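Below is model_39.cif, holding mmCIF, C-alpha atoms.
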data_query
#
loop_
_atom_site.label_atom_id
_atom_site.label_comp_id
_atom_site.auth_asym_id
_atom_site.auth_seq_id
_atom_site.Cartn_x
_atom_site.Cartn_y
_atom_site.Cartn_z
CA MET A 1404 17.25 67.35 37.75
CA ARG A 1405 16.26 63.71 37.88
CA THR A 1406 13.93 62.34 40.51
CA GLU A 1407 13.59 58.62 40.97
CA LEU A 1408 10.94 57.49 43.37
CA GLN A 1409 10.57 54.24 45.23
CA PRO A 1410 10.14 50.99 43.25
CA PRO A 1411 6.54 50.17 42.38
CA ARG A 1412 4.52 48.68 45.24
CA THR A 1413 2.95 46.03 43.06
CA SER A 1414 3.24 44.81 39.51
CA GLN A 1415 -0.44 45.71 39.04
CA HIS A 1416 0.50 49.38 39.13
CA ALA A 1417 1.30 50.94 35.76
CA ARG A 1418 4.67 52.67 36.11
CA VAL A 1419 4.75 56.23 34.76
CA ILE A 1420 7.62 58.65 34.12
CA ILE A 1421 7.15 62.41 33.66
CA ALA A 1422 9.72 64.28 31.54
CA ASP A 1423 9.57 68.07 31.30
CA ASP A 1424 12.22 70.75 31.82
CA HIS A 1425 9.83 72.97 33.78
CA GLU A 1426 9.37 72.02 37.41
CA LEU A 1427 5.89 73.53 37.57
CA ALA A 1428 4.80 71.50 34.56
CA ARG A 1429 6.07 68.30 36.14
CA ALA A 1430 4.35 69.17 39.41
CA GLY A 1431 1.09 69.82 37.57
CA LEU A 1432 1.16 66.49 35.78
CA ARG A 1433 2.15 64.67 38.95
CA SER A 1434 -0.67 66.24 40.96
CA MET A 1435 -3.21 65.15 38.35
CA LEU A 1436 -2.05 61.54 38.34
CA GLU A 1437 -0.46 60.66 41.66
CA HIS A 1438 -3.69 59.69 43.40
CA GLU A 1439 -5.09 57.69 40.49
CA ARG A 1440 -5.75 54.04 41.21
CA ASN A 1441 -3.23 51.59 39.71
CA LEU A 1442 -0.93 54.36 38.46
CA GLU A 1443 2.46 54.94 40.03
CA ILE A 1444 4.84 57.75 39.11
CA VAL A 1445 8.26 56.14 39.42
CA GLY A 1446 10.41 59.03 38.25
CA GLU A 1447 10.69 62.54 36.86
CA ALA A 1448 13.24 63.96 34.43
CA SER A 1449 14.10 67.52 33.42
CA ASN A 1450 15.62 66.62 30.05
CA GLY A 1451 15.57 63.84 27.49
CA ARG A 1452 18.84 62.27 28.63
CA GLU A 1453 17.53 61.85 32.16
CA ALA A 1454 14.27 60.41 30.79
CA VAL A 1455 16.16 57.76 28.84
CA GLU A 1456 18.28 56.86 31.86
CA LEU A 1457 15.18 56.56 34.06
CA CYS A 1458 13.45 54.32 31.54
CA ALA A 1459 16.46 52.04 31.36
CA ARG A 1460 16.30 51.54 35.12
CA THR A 1461 12.58 51.50 35.85
CA GLN A 1462 11.11 49.97 32.64
CA PRO A 1463 7.87 52.02 32.78
CA GLN A 1464 4.66 51.25 30.94
CA LEU A 1465 4.13 54.91 30.06
CA VAL A 1466 6.18 58.09 29.60
CA LEU A 1467 4.70 61.60 29.47
CA MET A 1468 7.23 63.43 27.31
CA ASP A 1469 7.67 67.15 26.69
CA MET A 1470 8.74 67.92 23.11
CA ARG A 1471 11.18 70.75 23.78
CA MET A 1472 13.83 69.97 26.40
CA PRO A 1473 17.55 70.73 26.80
CA GLU A 1474 20.41 68.29 26.08
CA VAL A 1475 18.15 65.73 24.36
CA ASP A 1476 14.76 66.81 23.04
CA GLY A 1477 11.56 64.83 23.28
CA LEU A 1478 11.78 63.29 19.81
CA ALA A 1479 15.33 62.00 20.27
CA ALA A 1480 14.47 60.75 23.75
CA THR A 1481 11.40 58.93 22.43
CA ARG A 1482 13.50 57.14 19.81
CA ALA A 1483 16.05 56.11 22.42
CA ILE A 1484 13.38 54.94 24.85
CA LYS A 1485 11.69 52.80 22.20
CA ASP A 1486 15.07 51.14 21.57
CA ILE A 1487 15.80 50.28 25.19
CA CYS A 1488 12.23 49.88 26.45
CA PRO A 1489 10.10 48.93 23.43
CA SER A 1490 7.07 47.98 25.51
CA ALA A 1491 6.76 51.50 26.93
CA SER A 1492 4.18 53.81 25.39
CA VAL A 1493 5.08 57.49 25.02
CA ILE A 1494 2.53 60.30 25.12
CA ILE A 1495 3.86 63.63 23.89
CA VAL A 1496 2.81 66.60 26.02
CA THR A 1497 2.82 69.73 23.89
CA MET A 1498 1.56 73.31 23.79
CA HIS A 1499 0.31 73.07 20.21
CA ALA A 1500 -0.78 70.13 18.07
CA ASN A 1501 1.56 71.05 15.21
CA PRO A 1502 0.95 68.45 12.44
CA ASP A 1503 4.63 68.29 11.49
CA TYR A 1504 5.79 67.80 15.08
CA LEU A 1505 3.08 65.23 15.65
CA PHE A 1506 4.06 63.35 12.52
CA GLU A 1507 7.68 63.22 13.65
CA ALA A 1508 6.60 62.12 17.13
CA ILE A 1509 4.56 59.24 15.74
CA LYS A 1510 7.49 58.21 13.54
CA ALA A 1511 9.74 58.34 16.60
CA GLY A 1512 7.46 55.89 18.41
CA ALA A 1513 4.86 57.97 20.27
CA ALA A 1514 1.33 56.70 20.82
CA GLY A 1515 -0.15 60.18 20.50
CA TYR A 1516 -0.27 63.47 22.33
CA VAL A 1517 -2.07 65.58 24.91
CA LEU A 1518 -2.06 69.36 25.10
CA LYS A 1519 -0.45 71.10 28.06
CA ASP A 1520 -3.69 72.90 28.81
CA ALA A 1521 -5.65 69.64 29.00
CA THR A 1522 -7.93 69.19 31.98
CA GLN A 1523 -7.21 66.58 34.61
CA GLN A 1524 -9.97 64.36 33.22
CA GLU A 1525 -8.64 64.70 29.66
CA LEU A 1526 -5.15 63.72 30.81
CA ILE A 1527 -6.38 60.75 32.84
CA THR A 1528 -8.56 59.60 29.95
CA ALA A 1529 -5.60 59.76 27.55
CA VAL A 1530 -3.37 57.81 29.95
CA ARG A 1531 -6.00 55.16 30.60
CA ARG A 1532 -6.78 54.74 26.90
CA VAL A 1533 -3.16 54.16 25.98
CA LEU A 1534 -2.61 51.75 28.88
CA ARG A 1535 -5.69 49.80 27.76
CA GLY A 1536 -4.31 49.58 24.25
CA GLU A 1537 -6.87 51.96 22.78
CA ALA A 1538 -6.26 54.64 20.16
CA LEU A 1539 -5.35 58.14 21.28
CA LEU A 1540 -5.60 59.76 17.84
CA ASN A 1541 -8.97 60.34 16.19
CA SER A 1542 -9.62 58.43 12.98
CA GLU A 1543 -9.20 61.42 10.64
CA LEU A 1544 -5.85 62.44 12.11
CA ALA A 1545 -4.60 58.86 12.28
CA THR A 1546 -5.42 58.32 8.61
CA GLN A 1547 -3.73 61.56 7.56
CA LEU A 1548 -0.55 60.68 9.45
CA LEU A 1549 -0.40 57.14 8.08
CA GLN A 1550 -1.08 58.31 4.53
CA ARG A 1551 1.82 60.75 4.86
CA LEU A 1552 4.02 58.01 6.29
CA ALA A 1553 3.10 55.70 3.41
CA ARG A 1554 4.05 58.39 0.88
CA GLU A 1555 7.40 58.97 2.57
CA THR A 1556 8.26 55.29 3.01
CA ALA A 1557 10.42 54.52 -0.01
CA ARG A 1558 10.30 50.76 0.42
CA PRO A 1559 9.02 48.36 3.08
CA LEU A 1560 11.31 47.43 5.94
CA SER A 1561 13.00 44.06 5.69
CA GLY A 1562 12.46 41.36 8.26
CA MET A 1563 8.84 40.27 8.45
CA PRO A 1564 7.25 39.75 11.87
CA GLU A 1565 5.45 36.62 12.96
CA ARG A 1566 2.81 35.89 10.34
CA LEU A 1567 -0.55 37.59 10.88
CA THR A 1568 -3.73 35.63 10.27
CA GLN A 1569 -6.23 36.83 7.72
CA ARG A 1570 -8.53 38.07 10.47
CA GLU A 1571 -5.66 39.88 12.17
CA ARG A 1572 -4.88 41.65 8.89
CA GLU A 1573 -8.51 42.72 8.61
CA VAL A 1574 -8.44 44.08 12.17
CA LEU A 1575 -5.11 45.77 11.50
CA ARG A 1576 -6.46 47.62 8.46
CA LEU A 1577 -9.45 48.92 10.42
CA LEU A 1578 -7.22 49.76 13.37
CA ALA A 1579 -5.00 51.78 11.03
CA GLN A 1580 -8.07 53.78 10.01
CA GLY A 1581 -8.39 54.91 13.62
CA MET A 1582 -11.39 52.73 14.43
CA THR A 1583 -12.10 51.84 18.05
CA ASN A 1584 -12.51 48.23 19.15
CA LYS A 1585 -16.27 48.75 19.24
CA GLU A 1586 -16.30 50.09 15.68
CA ILE A 1587 -14.11 47.24 14.44
CA ALA A 1588 -16.38 44.72 16.15
CA ALA A 1589 -19.42 46.19 14.40
CA ALA A 1590 -17.67 46.18 11.03
CA LEU A 1591 -16.57 42.55 11.33
CA PHE A 1592 -19.69 41.27 13.17
CA VAL A 1593 -17.70 39.95 16.12
CA SER A 1594 -17.59 40.83 19.81
CA VAL A 1595 -15.53 43.65 21.27
CA GLY A 1596 -13.72 41.06 23.39
CA THR A 1597 -12.70 39.17 20.26
CA VAL A 1598 -11.35 42.35 18.68
CA LYS A 1599 -9.41 43.15 21.85
CA ILE A 1600 -7.72 39.74 21.70
CA HIS A 1601 -6.87 40.23 18.00
CA VAL A 1602 -5.38 43.66 18.74
CA GLU A 1603 -3.28 42.21 21.55
CA HIS A 1604 -1.98 39.50 19.19
CA ILE A 1605 -1.21 42.07 16.48
CA ILE A 1606 0.73 44.28 18.89
CA ALA A 1607 2.70 41.28 20.14
CA LYS A 1608 3.47 39.94 16.67
CA LEU A 1609 4.58 43.34 15.37
CA GLY A 1610 6.71 43.91 18.47
CA VAL A 1611 5.24 47.31 19.32
CA SER A 1612 3.81 48.95 22.44
CA ASP A 1613 0.41 50.20 21.32
CA ARG A 1614 -2.06 50.34 18.46
CA THR A 1615 -0.73 53.60 17.05
CA GLN A 1616 2.68 52.04 16.61
CA ALA A 1617 1.08 48.86 15.26
CA ALA A 1618 -0.38 50.95 12.44
CA VAL A 1619 2.96 52.69 11.87
CA ARG A 1620 4.81 49.37 11.73
CA ALA A 1621 2.22 47.96 9.35
CA VAL A 1622 2.85 50.85 6.94
CA GLU A 1623 6.60 50.48 7.26
CA LEU A 1624 6.36 46.74 6.55
CA GLY A 1625 4.03 47.24 3.59
CA LEU A 1626 1.27 45.21 5.23
CA LEU A 1627 -1.50 47.65 4.27
CA SER A 1628 -1.89 47.35 0.53
CA GLY A 1629 -4.08 49.88 -1.24
CA PRO A 1630 -5.50 53.11 0.21
CA LEU A 1631 -6.04 53.40 3.95
CA VAL A 1632 -9.61 54.58 3.54
#

Structure translated into structure tokens:
Amino acid sequence: MRTELQPPRTSQHARVIIADDHELARAGLRSMLEHERNLEIVGEASNGREAVELCARTQPQLVLMDMRMPEVDGLAATRAIKDICPSASVIIVTMHANPDYLFEAIKAGAAGYVLKDATQQELITAVRRVLRGEALLNSELATQLLQRLARETARPLSGMPERLTQREREVLRLLAQGMTNKEIAAALFVSVGTVKIHVEHIIAKLGVSDRTQAAVRAVELGLLSGPLV
């Protein structure tokens, strides 16, 4: 089952796709978000293949993705979506925060996860944070995942992005430690607004959709020398 709704009413609305093979789960997520200001659900998918097809047509800003789905699972769908719609952020919706699954999801391109039993406020907060470019993972978990990724990355990827400034590298290292913009600003003695601009530049230069994937790309490119903490 694939449901494609009307085109977004205005470009100021963040376009959202919901992908889950259970109709009740999709309905629950939709009911929590459909009346939120500046959010617009532009499609629903019951498997990963449909989710990828919807993303190709609607170019959403955000996808809420179930991990376990028929035909194409959430991980494979996330990889495909990041290929055809790299600016879209993907939040994995899962029953359990299994560290191995979460690690694979982050490697596949996800910004983070929410649990299926999350409250409406927790879901909305997660969606808003990702759309604002803020971190969804706490600092301890982010560091653990990136340390594991660094251990498993045999050699840096080839093809360097646009050169980062020294200040951008400093912000990137703190970002990779899971720090918020406010925490980075305090550490570097600059304003939160200045940090926000640096983060936006880093995301653009690395060609990623969000700060989680900026940290992942930095590890893959070997931009974070030395320990992450």

The PyMOL selection byres ((chain A and resi 1470-1472) around 10) resolved against shown file, as a ChimeraX atom specification: /A:1422-1425,1449-1452,1467-1469,1473-1481,1495-1498,1504-1505,1508

Rank A:Arg1551, A:Gly1431, A:Gly1515, A:Glu1507 by their smallest atom-to-atom distance to Arg1532 of chain A, using all atoms listed in the file, and report the top residue only. A:Gly1515

Which polymer residues have any atom within 10 Å of an atom of Arg1570 of chain A, counting all atoms listed in the file, with same-chain residues fewer than 5 positions away left out, as JSON, numbers by chain? {"A": [1575, 1576, 1591, 1598, 1601]}

Can you pull out every residue within 12 Å of Glu1571 of chain A, counting all atoms listed in the file, but drop anything in the same chain fewer than 4 positions away, and send it as a list in words? Glu1565, Arg1566, Leu1567, Leu1575, Arg1576, Leu1577, Leu1578, Ala1579, Ile1587, Leu1591, Thr1597, Val1598, Lys1599, Ile1600, His1601, Val1602, Glu1603, His1604, Ile1605, Ile1606, Ala1607, Lys1608, Leu1609, Ala1617, Ala1621, Leu1626 and Leu1627 of chain A

Spatial neighbours of Arg1460 of chain A, 10 Å, only C-alpha atoms, chain gap at least 3 places, as a PyMOL selection string: chain A and resi 1407+1455-1457+1463+1488

Kindly save the residues from that selection, with C-alpha atoms included, as a short mmCIF file (atom, residue, chain, number, x, y, z; two decimals), in the coordinates of the input.
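Final output, selection_38.cif:
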data_model
loop_
_atom_site.label_atom_id
_atom_site.label_comp_id
_atom_site.auth_asym_id
_atom_site.auth_seq_id
_atom_site.Cartn_x
_atom_site.Cartn_y
_atom_site.Cartn_z
CA GLU A 1407 13.59 58.62 40.97
CA VAL A 1455 16.16 57.76 28.84
CA GLU A 1456 18.28 56.86 31.86
CA LEU A 1457 15.18 56.56 34.06
CA PRO A 1463 7.87 52.02 32.78
CA CYS A 1488 12.23 49.88 26.45
#

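Going from atom CA of Ala1590 of chain A over to atom CA of Glu1537 of chain A, you cover 17.0 Å.
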
Calculated over all atoms listed in the file, which of the candidates A:Ile1509, A:Ala1491, A:Val1595, A:Leu1540 has the smallest distance to Thr1461 of chain A?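 Of A:Ile1509, A:Ala1491, A:Val1595, A:Leu1540, the one nearest Thr1461 of chain A is A:Ala1491, counting all atoms listed in the file.
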
Counting only C-alpha atoms, closest pick from A:Val1593, A:Ala1454, A:Val1533, A:Ala1483 relative to Arg1614 of chain A is A:Val1533
